Each structure stands twice: as C-alpha cells, then as structure tokens.
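I have placed the structure first, in the form of structure tokens, so that the comments after it can refer back to it.
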Amino acid sequence: MKSFLLKLFTWWNSQTFGTQFWTWMYGEAVGEDEFGNRYYRTRGGKIDKTLGFERRWVIYNGYTEASAVPPSWHGWLHHTVDTPPTQESYKPHPWQKPHRPNLTGTPGAYRPPGSTLATGRRPKATGDYKAWNPGGQESGVRGQ
C-alpha cells in the first residue's frame with residue numbers, strides 16, 4: 001500500500017504512474033548503471049516530431065537525484081553521444097575516480113575543518129587576524 005501511495009503522490013521517489021505507463025507504452029530499455037538506475041528511449045529509436053530526435057529518459061533507483069547519473073550515461077541522455085554505454089567497450093583509465101553523486105545536504109557532505117557543522121573541535125586561532133577598528137588609523141577614512 002505504501003509503494004502505491006508513493007507512486008501516486010510523489011515524483012521524487014522513483015517513477016510515477018504516468019512515467020510507468022509512458023515507459024510501458026513507448027519505451028525501450030537500453031541499460032542499467034552501477035547504481036541501479038534504468039535508462040530508456042523511444043521504442044525502435046523513433047524520432048519525436050516535436051523534438052526532432054528520440055526521447056531518452058532515466059528511472060532512478062530510489063530518490064530522483066540527477067547527480068546520481070554517471071558521466072557516461074549523462075552524455076547519452078543529453079545526446080552528446082549516440083552510443084549508450086552498454087554498447088561501448090570503454091575501459092576507464094586508472095587515474096579516473098568512480099562516480100559519486102552530489103552529497104550536499106546529506107550527512108555525507110564535505111565539512112571542512114573549522115565549519116560549525118564539522119565534527120570535533122575547531123582549531124585555535126593563530127593570531128594572524130587583526131580586528132577592524134572604525135575609529136583607528138587603519139580605517140581607511142581620509143581627512144582625519
């Protein structure tokens with residue numbers, strides 16, 4: 001019952017009934033990435049008359065988060081490349097890091113030292129800061 005209500009009332013949690021119906025009627029599965037996101041295009045690569053090219057879309061595994069799409073699939077979704085990654089024999093270079101989605105706003109977000117949200121204690125001040133004095137000589141006001 002919960003998954004039915006989620007599909008009925010939310011768009012950010014996987015797919016809605018509208019997307020599921022559209023995919024069933026007009027979609028053709030192209031592949032799946034390492035995160036479980038599934039990629040589709042119009043059946044047979046049919047060109048959409050209003051767009052001038054085939055439609056391509058993704059059904060996310062879990063929450064709808066665009067940064068969860070790896071670069072290879074992003075290029076295919078946005079018509080930068082015509083060949084989907086499932087049909088390529090691309091091997092990543094050893095210096096390439098694995099794709100990670102944007103973690104901003106989550107517990108896994110980067111928190112630099114000194115941030116009020118960082119764990120641990122803030123480092124002590126080093127004494128290299130001099131407070132501004134509005135009436136002092138360093139104020140920059142001319143004519144005093």
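By order of appearance in the structure tokens: chains A, B, ..., then residues from 1 within every chain, and ligands from 1 in the order shown.
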
Which region 13-51 of chain A residues have any atom within 12 Å of an atom of region 68-78 of chain A, and for each, what is the nearest pair of atoms with distance in Å to one decimal, counting only C-alpha atoms, rows sorted by chain and number, as a Markdown table?
| residue | atom | partner | partner_atom | distance |
| --- | --- | --- | --- | --- |
| A:Val30 | CA | A:Trp73 | CA | 10.5 |
| A:Gly31 | CA | A:Trp73 | CA | 9.5 |
| A:Glu32 | CA | A:Trp73 | CA | 9.2 |
| A:Asp33 | CA | A:Pro70 | CA | 7.7 |
| A:Glu34 | CA | A:Pro70 | CA | 8.6 |
| A:Phe35 | CA | A:Ala68 | CA | 7.7 |
| A:Gly36 | CA | A:Ala68 | CA | 10.0 |
| A:Asn37 | CA | A:Val69 | CA | 7.7 |
| A:Arg38 | CA | A:Val69 | CA | 10.0 |
| A:Tyr39 | CA | A:Trp73 | CA | 8.3 |
| A:Tyr40 | CA | A:Leu77 | CA | 9.1 |
| A:Arg41 | CA | A:Leu77 | CA | 9.0 |

* How would you write, as a list of chain:residue names, the set of residues in chain A that DSSP gives as strand (DSSP E)? ->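 So, restricting chain A to strand (DSSP E), we get A:Gly27, A:Glu28, A:Ala29, A:Val30, A:Gly31, A:Glu32, A:Arg38, A:Tyr39, A:Tyr40, A:Arg41, A:Thr42, A:Arg56, A:Trp57, A:Val58, A:Ile59.
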
- Task: Could you tell me, as a list in words, which residues of region 15-104 of chain A DSSP assigns to helix (DSSP H, G or I) when given the backbone?
- Result: Phe17, Gly18, Thr19, Gln20, Phe21, Trp22, Thr23, Trp24, Met25, Tyr26, Arg43, Gly44, Gly45, Ala66, Ser67, Ala68, Pro71, Ser72, Trp73, His74, Gly75, Trp76, Leu77, Pro85, Thr86 and Gln87 of chain A

message = Applying 12 Å and only C-alpha atoms, which residues near Thr119 (chain A) remain after dropping the ones on its own chain fewer than 3 positions away? List them as number ranges by chain.
response = A: 107-116, 122-123
